[in-house]
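> Here you go, this is run-v9.cif (mmCIF, N, CA and C atoms).
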data_coords
#
loop_
_atom_site.label_atom_id
_atom_site.label_comp_id
_atom_site.auth_asym_id
_atom_site.auth_seq_id
_atom_site.Cartn_x
_atom_site.Cartn_y
_atom_site.Cartn_z
N MET A 15 -29.01 -78.51 7.26
CA MET A 15 -28.32 -79.62 6.65
C MET A 15 -29.17 -80.87 6.86
N THR A 16 -29.32 -81.63 5.80
CA THR A 16 -30.13 -82.84 5.88
C THR A 16 -29.36 -83.95 6.58
N ALA A 17 -30.09 -84.97 7.00
CA ALA A 17 -29.46 -86.12 7.65
C ALA A 17 -28.48 -86.79 6.70
N LYS A 18 -28.84 -86.87 5.42
CA LYS A 18 -27.97 -87.50 4.43
C LYS A 18 -26.67 -86.70 4.29
N MET A 19 -26.79 -85.37 4.29
CA MET A 19 -25.59 -84.54 4.18
C MET A 19 -24.69 -84.72 5.40
N ARG A 20 -25.30 -84.79 6.59
CA ARG A 20 -24.50 -85.01 7.81
C ARG A 20 -23.79 -86.35 7.74
N GLU A 21 -24.49 -87.36 7.20
CA GLU A 21 -23.90 -88.69 7.08
C GLU A 21 -22.71 -88.66 6.11
N VAL A 22 -22.88 -88.00 4.98
CA VAL A 22 -21.81 -87.91 3.99
C VAL A 22 -20.64 -87.11 4.56
N GLU A 23 -20.94 -86.02 5.26
CA GLU A 23 -19.89 -85.21 5.86
C GLU A 23 -19.09 -86.02 6.88
N ALA A 24 -19.78 -86.77 7.72
CA ALA A 24 -19.10 -87.58 8.73
C ALA A 24 -18.20 -88.61 8.07
N ALA A 25 -18.69 -89.23 7.00
CA ALA A 25 -17.87 -90.21 6.28
C ALA A 25 -16.67 -89.54 5.64
N ALA A 26 -16.88 -88.37 5.06
CA ALA A 26 -15.79 -87.66 4.39
C ALA A 26 -14.70 -87.26 5.39
N MET A 27 -15.10 -86.88 6.59
CA MET A 27 -14.12 -86.45 7.59
C MET A 27 -13.25 -87.60 8.08
N LYS A 28 -13.66 -88.83 7.80
CA LYS A 28 -12.85 -89.99 8.18
C LYS A 28 -11.78 -90.30 7.13
N LEU A 29 -11.85 -89.64 5.97
CA LEU A 29 -10.87 -89.85 4.92
C LEU A 29 -9.55 -89.18 5.28
N THR A 30 -8.50 -89.61 4.62
CA THR A 30 -7.20 -88.94 4.82
C THR A 30 -7.26 -87.55 4.21
N VAL A 31 -6.29 -86.73 4.53
CA VAL A 31 -6.24 -85.37 3.98
C VAL A 31 -6.19 -85.43 2.45
N ALA A 32 -5.37 -86.32 1.91
CA ALA A 32 -5.25 -86.44 0.46
C ALA A 32 -6.58 -86.87 -0.17
N GLU A 33 -7.28 -87.80 0.47
CA GLU A 33 -8.56 -88.26 -0.05
C GLU A 33 -9.61 -87.14 0.02
N ARG A 34 -9.60 -86.37 1.12
CA ARG A 34 -10.54 -85.26 1.23
C ARG A 34 -10.25 -84.19 0.18
N ALA A 35 -8.97 -83.95 -0.07
CA ALA A 35 -8.60 -82.96 -1.09
C ALA A 35 -9.07 -83.42 -2.47
N GLU A 36 -8.90 -84.68 -2.77
CA GLU A 36 -9.36 -85.22 -4.06
C GLU A 36 -10.89 -85.11 -4.17
N LEU A 37 -11.57 -85.47 -3.10
CA LEU A 37 -13.03 -85.38 -3.09
C LEU A 37 -13.48 -83.93 -3.25
N ALA A 38 -12.83 -83.03 -2.53
CA ALA A 38 -13.19 -81.61 -2.62
C ALA A 38 -13.01 -81.11 -4.05
N GLY A 39 -11.93 -81.52 -4.69
CA GLY A 39 -11.69 -81.12 -6.08
C GLY A 39 -12.79 -81.62 -7.00
N LYS A 40 -13.18 -82.86 -6.82
CA LYS A 40 -14.25 -83.42 -7.65
C LYS A 40 -15.57 -82.70 -7.41
N LEU A 41 -15.86 -82.39 -6.15
CA LEU A 41 -17.10 -81.67 -5.84
C LEU A 41 -17.09 -80.27 -6.45
N LEU A 42 -15.95 -79.59 -6.36
CA LEU A 42 -15.87 -78.25 -6.95
C LEU A 42 -16.02 -78.31 -8.46
N LEU A 43 -15.40 -79.28 -9.09
CA LEU A 43 -15.55 -79.41 -10.54
C LEU A 43 -16.99 -79.69 -10.93
N SER A 44 -17.69 -80.44 -10.09
CA SER A 44 -19.08 -80.76 -10.40
C SER A 44 -19.96 -79.51 -10.41
N LEU A 45 -19.56 -78.47 -9.68
CA LEU A 45 -20.33 -77.24 -9.67
C LEU A 45 -20.28 -76.54 -11.02
N ASP A 46 -19.18 -76.73 -11.74
CA ASP A 46 -19.05 -76.13 -13.07
C ASP A 46 -20.04 -76.74 -14.05
N LEU A 47 -20.55 -77.92 -13.73
CA LEU A 47 -21.47 -78.59 -14.62
C LEU A 47 -22.92 -78.23 -14.36
N ALA A 48 -23.14 -77.38 -13.37
CA ALA A 48 -24.52 -77.01 -13.02
C ALA A 48 -25.16 -76.22 -14.16
N SER A 49 -26.42 -76.49 -14.38
CA SER A 49 -27.15 -75.77 -15.42
C SER A 49 -27.45 -74.35 -14.94
N GLU A 50 -27.83 -73.51 -15.86
CA GLU A 50 -28.15 -72.13 -15.51
C GLU A 50 -29.31 -72.08 -14.52
N SER A 51 -30.30 -72.95 -14.72
CA SER A 51 -31.45 -72.96 -13.80
C SER A 51 -31.03 -73.46 -12.41
N GLU A 52 -30.10 -74.40 -12.35
CA GLU A 52 -29.61 -74.88 -11.06
C GLU A 52 -28.84 -73.78 -10.34
N ILE A 53 -28.02 -73.05 -11.07
CA ILE A 53 -27.26 -71.95 -10.47
C ILE A 53 -28.23 -70.88 -9.95
N GLU A 54 -29.26 -70.58 -10.73
CA GLU A 54 -30.26 -69.60 -10.30
C GLU A 54 -30.95 -70.07 -9.03
N ARG A 55 -31.30 -71.36 -8.96
CA ARG A 55 -31.95 -71.91 -7.77
C ARG A 55 -31.03 -71.81 -6.56
N LEU A 56 -29.74 -72.09 -6.76
CA LEU A 56 -28.78 -71.99 -5.66
C LEU A 56 -28.67 -70.56 -5.14
N TRP A 57 -28.65 -69.60 -6.06
CA TRP A 57 -28.58 -68.20 -5.64
C TRP A 57 -29.85 -67.80 -4.89
N LEU A 58 -31.00 -68.25 -5.37
CA LEU A 58 -32.26 -67.94 -4.68
C LEU A 58 -32.27 -68.55 -3.30
N ASP A 59 -31.78 -69.78 -3.16
CA ASP A 59 -31.70 -70.43 -1.84
C ASP A 59 -30.81 -69.61 -0.90
N GLU A 60 -29.68 -69.15 -1.43
CA GLU A 60 -28.76 -68.35 -0.62
C GLU A 60 -29.40 -67.04 -0.21
N ALA A 61 -30.09 -66.39 -1.13
CA ALA A 61 -30.77 -65.13 -0.81
C ALA A 61 -31.82 -65.34 0.27
N GLU A 62 -32.58 -66.42 0.17
CA GLU A 62 -33.59 -66.72 1.19
C GLU A 62 -32.94 -67.00 2.54
N ARG A 63 -31.82 -67.71 2.54
CA ARG A 63 -31.11 -68.00 3.79
C ARG A 63 -30.64 -66.70 4.43
N ARG A 64 -30.07 -65.81 3.61
CA ARG A 64 -29.59 -64.54 4.15
C ARG A 64 -30.73 -63.68 4.67
N LEU A 65 -31.86 -63.66 3.97
CA LEU A 65 -33.02 -62.90 4.42
C LEU A 65 -33.53 -63.45 5.75
N ASN A 66 -33.63 -64.77 5.85
CA ASN A 66 -34.07 -65.39 7.11
C ASN A 66 -33.12 -65.05 8.25
N ASP A 67 -31.80 -65.10 7.99
CA ASP A 67 -30.83 -64.74 9.02
C ASP A 67 -31.03 -63.29 9.46
N PHE A 68 -31.27 -62.40 8.51
CA PHE A 68 -31.50 -60.99 8.81
C PHE A 68 -32.74 -60.83 9.67
N ARG A 69 -33.82 -61.46 9.27
CA ARG A 69 -35.09 -61.34 10.00
C ARG A 69 -34.99 -61.91 11.41
N GLN A 70 -34.14 -62.93 11.59
CA GLN A 70 -33.99 -63.55 12.90
C GLN A 70 -32.92 -62.86 13.75
N GLY A 71 -32.34 -61.79 13.21
CA GLY A 71 -31.33 -61.04 13.95
C GLY A 71 -29.96 -61.70 13.96
N LYS A 72 -29.75 -62.70 13.11
CA LYS A 72 -28.45 -63.38 13.06
C LYS A 72 -27.43 -62.59 12.24
N SER A 73 -27.91 -61.65 11.44
CA SER A 73 -27.03 -60.79 10.66
C SER A 73 -27.66 -59.41 10.60
N HIS A 74 -26.90 -58.45 10.16
CA HIS A 74 -27.42 -57.09 10.08
C HIS A 74 -27.12 -56.51 8.70
N GLY A 75 -27.86 -55.52 8.34
CA GLY A 75 -27.67 -54.87 7.05
C GLY A 75 -26.60 -53.79 7.15
N THR A 76 -26.17 -53.33 6.00
CA THR A 76 -25.22 -52.23 5.90
C THR A 76 -25.84 -51.17 5.02
N ALA A 77 -25.83 -49.94 5.49
CA ALA A 77 -26.41 -48.84 4.73
C ALA A 77 -25.70 -48.71 3.38
N ALA A 78 -26.47 -48.37 2.35
CA ALA A 78 -25.91 -48.23 1.00
C ALA A 78 -24.76 -47.24 1.00
N GLU A 79 -24.89 -46.14 1.74
CA GLU A 79 -23.82 -45.14 1.78
C GLU A 79 -22.51 -45.75 2.26
N GLU A 80 -22.60 -46.63 3.25
CA GLU A 80 -21.40 -47.29 3.78
C GLU A 80 -20.81 -48.24 2.76
N VAL A 81 -21.67 -48.98 2.07
CA VAL A 81 -21.21 -49.91 1.03
C VAL A 81 -20.47 -49.14 -0.05
N PHE A 82 -21.05 -48.04 -0.51
CA PHE A 82 -20.41 -47.25 -1.57
C PHE A 82 -19.12 -46.62 -1.08
N ARG A 83 -19.09 -46.16 0.17
CA ARG A 83 -17.87 -45.57 0.73
C ARG A 83 -16.75 -46.61 0.74
N ARG A 84 -17.06 -47.81 1.18
CA ARG A 84 -16.05 -48.87 1.20
C ARG A 84 -15.59 -49.22 -0.21
N ALA A 85 -16.53 -49.27 -1.15
CA ALA A 85 -16.18 -49.60 -2.52
C ALA A 85 -15.23 -48.56 -3.10
N ILE A 86 -15.51 -47.31 -2.83
CA ILE A 86 -14.66 -46.23 -3.32
C ILE A 86 -13.27 -46.33 -2.71
N LEU A 87 -13.19 -46.64 -1.42
CA LEU A 87 -11.89 -46.81 -0.75
C LEU A 87 -11.11 -47.96 -1.35
N GLU A 88 -11.78 -49.04 -1.73
CA GLU A 88 -11.13 -50.20 -2.33
C GLU A 88 -10.53 -49.86 -3.69
N VAL A 89 -11.23 -49.03 -4.45
CA VAL A 89 -10.79 -48.66 -5.81
C VAL A 89 -9.63 -47.68 -5.74
N SER A 90 -9.64 -46.83 -4.73
CA SER A 90 -8.61 -45.78 -4.62
C SER A 90 -7.25 -46.33 -4.37
#
As structure tokens, what does this structure read like?

Amino acid sequence: MTAKMREVEAAAMKLTVAERAELAGKLLLSLDLASESEIERLWLDEAERRLNDFRQGKSHGTAAEEVFRRAILEVS
């Protein structure tokens, strides 16, 4: 998180619950306006973050067989 983001977050947390809810709504709506290239960049950033977490041992993988087993159980 950048220093600017921490600053904005700290300011936002000082708002009332109603003000934070309004701000959150506006921020969520702004995501709908993202271009296709921006959405692709965000997904790539997320994939890189997850890969870094995996490489640093902060998360672990799940075998494909387990993923498919769970998916089948969810559908059943």
> Please compute the atom N of A:Leu42-atom CA of A:Ser73 distance, one decimal, in Å.
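Atom CA of A:Ser73 lies 27.7 Å from atom N of A:Leu42.
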> So how far away is atom CA of A:Thr16 from atom CA of A:Lys72, in Å?
20.8 Å
> Quick one: distance from atom CA of A:Glu79 to atom C of A:Asp67 in Å, one decimal?
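Between atom CA of A:Glu79 and atom C of A:Asp67 the gap is 21.0 Å.
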> Can you list, as a count of residues only, every residue of chain A that DSSP puts in alpha helix (DSSP H)?
58
